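Accompanying notes for the structure given below.
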Amino acid sequence: MNDKVGIVIVSHSPDVAKGAADMVRQMVGNEVPLAFTGGDPGGGLGTSVETILAAIDRAWSEKGVAILVDLGGAETNSEMAIEMLPEDRQGRVVVCNAPIVEGAVMAATEAWGGATLDEVRRTAEELSPA
Amino acid sequence: MTTTLDAAGRRALIETAAAAVIARADELTALDQAIGDGDHGLNMKRGFEAVLADLDAIAAKPLPEGLKQIGTTMVMKVGGASGPLYGTLFLQLGKSLAELAPDAVPSRAALAAALEAAIVAVKARGKSEVGQKTLLDVLAPVQAALADGADAVALATRAHEAAVATVPMKAIRGRASFLGDRSIGHMDPGARSSEILITALAGMAAGDHGAAA
């Protein structure tokens, strides 16, 4: 299980996060560690550092974890979560600058093939305009 | 001028700041509905209510440790982008004041230096600079005034002027940036929440430690 980079999907909306994860599962399968989270600590639209940390834990792989986010707060909260990880894990989690759905599918496809974290990130980020 | 800030004094400071923000949650939400996603008031209220829920434990700690706990609570409980931003602010204030003697009131120089370091940390967290219609547009001028020797009343005035000055600015960061020119003409909600916090704390400093009594 841990020979593939993990993928975490962080959206403001739990429905969007789950929907993106469903697409990854259908298109890439179950071999890539995958977790998703959405919604703020009060149950509204937003993101939560606490649930992002938990999602990173669920998708954890010794090869690292790539996070896909939607809007600004999701990125800021994901970066905050990375800083709160144990030190030996911090360097092995990255936020990809890529569209959340397409990025998640591309990153997971790359991860499935055994790519490194950096390769996974670069593949997802090819979707973003330079 | 008092020279000590004991648990009762810290408790009063935290309660006053939290109550000021919670009382204006609806106003902050209204500002955020104009240019953001309309959750700033609710998020800040949730964060400070979580701080108040731990008030005894936080106030019992030395100021630097208490500030760090407030920061962690904001990070975990607020939710929106304001959580990591305000969380980073309080975490860095706590880190910067680490050498403070137990129950001592931080000096003006120490406070100004701590706030300066906290502003640098918030800039990095938000990948933002002054002039982009954010809380930094209140924090930075207030820090400059503090370093220049302004008294509490002048600091509150500066905070208010700075928040008002965000009205004609165009947002570059956060969701308001999607609005482009349409973000012009509205006060930034984060600038306003910073003003509220600074005004509440300055009010206590000006009233000099009735709080600590």
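Every chain in the structure tokens has a letter given in the order shown (A, B, ...), and although residue numbers restart at 1 in each chain, ligands are simply numbered from 1 in the order shown.
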
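Every chain A residue lying within 7 Å of chain B, based on only C-alpha atoms, is listed here: A:Asp40, A:Pro41, A:Gly46, A:Thr47, A:Ser48, A:Val49, A:Glu50, A:Gly72, A:Gly73, A:Thr76, A:Asn77, A:Met80.
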
Can I get the selected residues back with N, CA and C atoms, as a PDB file, in the first residue's frame?
ATOM      1  N   ASP A  40     -16.085  23.327   7.227  1.00  0.00           N
ATOM      2  CA  ASP A  40     -15.371  23.962   8.343  1.00  0.00           C
ATOM      3  C   ASP A  40     -15.761  23.277   9.661  1.00  0.00           C
ATOM      4  N   PRO A  41     -15.084  23.672  10.776  1.00  0.00           N
ATOM      5  CA  PRO A  41     -15.340  22.964  12.048  1.00  0.00           C
ATOM      6  C   PRO A  41     -16.792  23.091  12.523  1.00  0.00           C
ATOM      7  N   GLY A  46     -16.245  25.410   4.059  1.00  0.00           N
ATOM      8  CA  GLY A  46     -14.956  25.901   4.535  1.00  0.00           C
ATOM      9  C   GLY A  46     -14.014  24.733   4.707  1.00  0.00           C
ATOM     10  N   THR A  47     -12.867  24.995   5.318  1.00  0.00           N
ATOM     11  CA  THR A  47     -11.918  23.908   5.538  1.00  0.00           C
ATOM     12  C   THR A  47     -11.430  23.945   6.973  1.00  0.00           C
ATOM     13  N   SER A  48     -10.903  22.828   7.435  1.00  0.00           N
ATOM     14  CA  SER A  48     -10.499  22.699   8.829  1.00  0.00           C
ATOM     15  C   SER A  48      -9.124  22.058   8.913  1.00  0.00           C
ATOM     16  N   VAL A  49      -8.215  22.725   9.604  1.00  0.00           N
ATOM     17  CA  VAL A  49      -6.867  22.175   9.771  1.00  0.00           C
ATOM     18  C   VAL A  49      -6.936  20.801  10.436  1.00  0.00           C
ATOM     19  N   GLU A  50      -7.831  20.680  11.402  1.00  0.00           N
ATOM     20  CA  GLU A  50      -7.950  19.423  12.149  1.00  0.00           C
ATOM     21  C   GLU A  50      -8.320  18.258  11.211  1.00  0.00           C
ATOM     22  N   GLY A  72      -8.661  29.639  -1.970  1.00  0.00           N
ATOM     23  CA  GLY A  72      -7.608  30.161  -1.090  1.00  0.00           C
ATOM     24  C   GLY A  72      -7.521  29.590   0.313  1.00  0.00           C
ATOM     25  N   GLY A  73      -8.650  29.575   1.036  1.00  0.00           N
ATOM     26  CA  GLY A  73      -8.606  29.109   2.425  1.00  0.00           C
ATOM     27  C   GLY A  73      -8.188  27.659   2.532  1.00  0.00           C
ATOM     28  N   THR A  76      -4.402  27.760   2.304  1.00  0.00           N
ATOM     29  CA  THR A  76      -3.800  28.284   3.534  1.00  0.00           C
ATOM     30  C   THR A  76      -3.913  27.276   4.669  1.00  0.00           C
ATOM     31  N   ASN A  77      -5.095  26.678   4.809  1.00  0.00           N
ATOM     32  CA  ASN A  77      -5.284  25.704   5.883  1.00  0.00           C
ATOM     33  C   ASN A  77      -4.458  24.442   5.657  1.00  0.00           C
ATOM     34  N   MET A  80      -0.952  25.274   6.659  1.00  0.00           N
ATOM     35  CA  MET A  80      -0.889  25.303   8.127  1.00  0.00           C
ATOM     36  C   MET A  80      -0.819  23.876   8.675  1.00  0.00           C
TER      37      MET A  80
END

I'd like the neighbourhood of region 57-60 of chain A as a PyMOL selection string, where a residue qualifies if any of its atoms comes within 7 Å (using only C-alpha atoms), though same-chain residues fewer than 3 positions away should be ignored. chain A and resi 6-8+33-35+53-54+64-65

With only C-alpha atoms as the counted atoms, please give the residues lying no more than 8 Å from Val153 (chain B), apart from itself and same-chain residues fewer than 6 positions off, as a ChimeraX atom specification. /B:202-203,206

What does the structure give for the distance between CA of Val94 (chain A) and CA of Asp118 (chain A), in Å to one decimal? 8.7 Å

Going by DSSP on the backbone, which bits of chain A are alpha helix (DSSP H)? Write them as a short mmCIF file (atom, residue, chain, number, x, y, z; two decimals) with N, CA and C atoms, in the first residue's frame, please.
data_model
loop_
_atom_site.label_atom_id
_atom_site.label_comp_id
_atom_site.auth_asym_id
_atom_site.auth_seq_id
_atom_site.Cartn_x
_atom_site.Cartn_y
_atom_site.Cartn_z
N PRO A 14 -17.91 19.50 1.42
CA PRO A 14 -17.74 18.05 1.59
C PRO A 14 -18.21 17.30 0.35
N ASP A 15 -19.24 17.81 -0.32
CA ASP A 15 -19.76 17.13 -1.51
C ASP A 15 -18.76 17.18 -2.66
N VAL A 16 -18.13 18.35 -2.84
CA VAL A 16 -17.12 18.46 -3.90
C VAL A 16 -15.95 17.52 -3.60
N ALA A 17 -15.51 17.51 -2.35
CA ALA A 17 -14.37 16.67 -1.97
C ALA A 17 -14.69 15.20 -2.23
N LYS A 18 -15.87 14.78 -1.83
CA LYS A 18 -16.26 13.39 -2.02
C LYS A 18 -16.42 13.08 -3.50
N GLY A 19 -17.01 14.01 -4.24
CA GLY A 19 -17.21 13.81 -5.68
C GLY A 19 -15.90 13.66 -6.42
N ALA A 20 -14.93 14.51 -6.07
CA ALA A 20 -13.62 14.41 -6.72
C ALA A 20 -12.97 13.07 -6.37
N ALA A 21 -13.11 12.66 -5.11
CA ALA A 21 -12.52 11.38 -4.69
C ALA A 21 -13.20 10.21 -5.41
N ASP A 22 -14.51 10.30 -5.59
CA ASP A 22 -15.23 9.25 -6.33
C ASP A 22 -14.67 9.11 -7.74
N MET A 23 -14.40 10.26 -8.37
CA MET A 23 -13.86 10.22 -9.74
C MET A 23 -12.48 9.57 -9.77
N VAL A 24 -11.65 9.90 -8.77
CA VAL A 24 -10.33 9.29 -8.69
C VAL A 24 -10.46 7.78 -8.55
N ARG A 25 -11.33 7.35 -7.65
CA ARG A 25 -11.51 5.91 -7.41
C ARG A 25 -11.95 5.20 -8.69
N GLN A 26 -12.91 5.81 -9.39
CA GLN A 26 -13.43 5.17 -10.60
C GLN A 26 -12.38 5.12 -11.70
N MET A 27 -11.61 6.21 -11.83
CA MET A 27 -10.68 6.29 -12.96
C MET A 27 -9.33 5.66 -12.66
N VAL A 28 -8.94 5.64 -11.39
CA VAL A 28 -7.59 5.16 -11.05
C VAL A 28 -7.63 3.88 -10.22
N VAL A 49 -8.22 22.72 9.60
CA VAL A 49 -6.87 22.18 9.77
C VAL A 49 -6.94 20.80 10.44
N GLU A 50 -7.83 20.68 11.40
CA GLU A 50 -7.95 19.42 12.15
C GLU A 50 -8.32 18.26 11.21
N THR A 51 -9.31 18.48 10.34
CA THR A 51 -9.72 17.37 9.48
C THR A 51 -8.71 17.16 8.34
N ILE A 52 -8.00 18.22 7.95
CA ILE A 52 -6.95 18.05 6.93
C ILE A 52 -5.83 17.17 7.50
N LEU A 53 -5.45 17.44 8.76
CA LEU A 53 -4.42 16.61 9.41
C LEU A 53 -4.86 15.15 9.44
N ALA A 54 -6.13 14.93 9.75
CA ALA A 54 -6.63 13.56 9.81
C ALA A 54 -6.61 12.91 8.43
N ALA A 55 -6.94 13.71 7.39
CA ALA A 55 -6.95 13.17 6.03
C ALA A 55 -5.53 12.80 5.59
N ILE A 56 -4.56 13.66 5.93
CA ILE A 56 -3.16 13.35 5.59
C ILE A 56 -2.77 12.02 6.25
N ASP A 57 -3.21 11.84 7.48
CA ASP A 57 -2.91 10.61 8.21
C ASP A 57 -3.52 9.39 7.51
N ARG A 58 -4.76 9.53 7.06
CA ARG A 58 -5.44 8.40 6.41
C ARG A 58 -4.78 8.02 5.09
N GLY A 72 -8.66 29.64 -1.97
CA GLY A 72 -7.61 30.16 -1.09
C GLY A 72 -7.52 29.59 0.31
N GLY A 73 -8.65 29.57 1.04
CA GLY A 73 -8.61 29.11 2.42
C GLY A 73 -8.19 27.66 2.53
N ALA A 74 -8.53 26.87 1.53
CA ALA A 74 -8.16 25.46 1.54
C ALA A 74 -6.64 25.32 1.42
N GLU A 75 -6.05 26.19 0.61
CA GLU A 75 -4.59 26.18 0.46
C GLU A 75 -3.91 26.63 1.75
N THR A 76 -4.40 27.76 2.30
CA THR A 76 -3.80 28.28 3.53
C THR A 76 -3.91 27.28 4.67
N ASN A 77 -5.10 26.68 4.81
CA ASN A 77 -5.28 25.70 5.88
C ASN A 77 -4.46 24.44 5.66
N SER A 78 -4.28 24.06 4.40
CA SER A 78 -3.44 22.88 4.12
C SER A 78 -1.98 23.15 4.46
N GLU A 79 -1.50 24.35 4.12
CA GLU A 79 -0.11 24.71 4.45
C GLU A 79 0.08 24.75 5.96
N MET A 80 -0.95 25.27 6.66
CA MET A 80 -0.89 25.30 8.13
C MET A 80 -0.82 23.88 8.67
N ALA A 81 -1.63 23.01 8.09
CA ALA A 81 -1.66 21.62 8.56
C ALA A 81 -0.29 20.96 8.37
N ILE A 82 0.35 21.22 7.23
CA ILE A 82 1.66 20.63 6.95
C ILE A 82 2.66 21.05 8.03
N GLU A 83 2.58 22.34 8.42
CA GLU A 83 3.52 22.82 9.44
C GLU A 83 3.28 22.19 10.80
N GLU A 87 7.89 16.57 12.48
CA GLU A 87 8.93 17.09 11.60
C GLU A 87 9.34 16.12 10.50
N ASP A 88 9.39 14.82 10.81
CA ASP A 88 9.86 13.87 9.80
C ASP A 88 8.85 13.69 8.67
N ARG A 89 7.63 14.21 8.84
CA ARG A 89 6.65 14.10 7.77
C ARG A 89 6.50 15.40 6.97
N GLN A 90 6.89 16.52 7.59
CA GLN A 90 6.63 17.82 6.96
C GLN A 90 7.15 17.92 5.53
N ILE A 100 -8.69 21.22 -8.76
CA ILE A 100 -8.87 20.15 -7.77
C ILE A 100 -9.28 18.82 -8.40
N VAL A 101 -10.23 18.82 -9.30
CA VAL A 101 -10.72 17.55 -9.84
C VAL A 101 -9.71 16.96 -10.83
N GLU A 102 -9.34 17.75 -11.84
CA GLU A 102 -8.40 17.25 -12.83
C GLU A 102 -7.06 16.93 -12.19
N GLY A 103 -6.64 17.81 -11.27
CA GLY A 103 -5.37 17.62 -10.58
C GLY A 103 -5.35 16.33 -9.78
N ALA A 104 -6.46 16.04 -9.10
CA ALA A 104 -6.53 14.83 -8.28
C ALA A 104 -6.43 13.58 -9.15
N VAL A 105 -7.15 13.60 -10.27
CA VAL A 105 -7.13 12.43 -11.16
C VAL A 105 -5.73 12.24 -11.75
N MET A 106 -5.13 13.34 -12.22
CA MET A 106 -3.80 13.24 -12.82
C MET A 106 -2.75 12.81 -11.79
N ALA A 107 -2.83 13.42 -10.60
CA ALA A 107 -1.86 13.09 -9.55
C ALA A 107 -2.00 11.62 -9.15
N ALA A 108 -3.25 11.17 -9.03
CA ALA A 108 -3.47 9.78 -8.62
C ALA A 108 -2.99 8.80 -9.69
N THR A 109 -3.21 9.18 -10.96
CA THR A 109 -2.75 8.32 -12.06
C THR A 109 -1.23 8.18 -12.02
N GLU A 110 -0.57 9.31 -11.81
CA GLU A 110 0.89 9.31 -11.74
C GLU A 110 1.37 8.51 -10.52
N ALA A 111 0.67 8.69 -9.40
CA ALA A 111 1.03 7.99 -8.17
C ALA A 111 0.87 6.48 -8.36
N TRP A 112 -0.20 6.10 -9.03
CA TRP A 112 -0.48 4.67 -9.27
C TRP A 112 0.68 4.00 -9.99
N LEU A 117 6.98 11.76 -5.24
CA LEU A 117 6.10 12.88 -4.87
C LEU A 117 6.31 14.07 -5.81
N ASP A 118 7.57 14.34 -6.13
CA ASP A 118 7.86 15.47 -7.00
C ASP A 118 7.28 15.26 -8.39
N GLU A 119 7.37 14.04 -8.90
CA GLU A 119 6.79 13.74 -10.22
C GLU A 119 5.27 13.87 -10.19
N VAL A 120 4.68 13.40 -9.11
CA VAL A 120 3.22 13.50 -8.97
C VAL A 120 2.80 14.97 -8.98
N ARG A 121 3.52 15.77 -8.21
CA ARG A 121 3.18 17.18 -8.14
C ARG A 121 3.33 17.84 -9.52
N ARG A 122 4.45 17.56 -10.18
CA ARG A 122 4.70 18.22 -11.47
C ARG A 122 3.65 17.83 -12.50
N THR A 123 3.24 16.60 -12.49
CA THR A 123 2.21 16.16 -13.43
C THR A 123 0.89 16.90 -13.19
N ALA A 124 0.50 17.02 -11.92
CA ALA A 124 -0.74 17.75 -11.60
C ALA A 124 -0.61 19.21 -12.00
N GLU A 125 0.57 19.77 -11.78
CA GLU A 125 0.73 21.21 -12.01
C GLU A 125 0.86 21.55 -13.50
#

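Note that CA of Val105 (chain B) and CA of Pro64 (chain B) are 11.2 Å apart.
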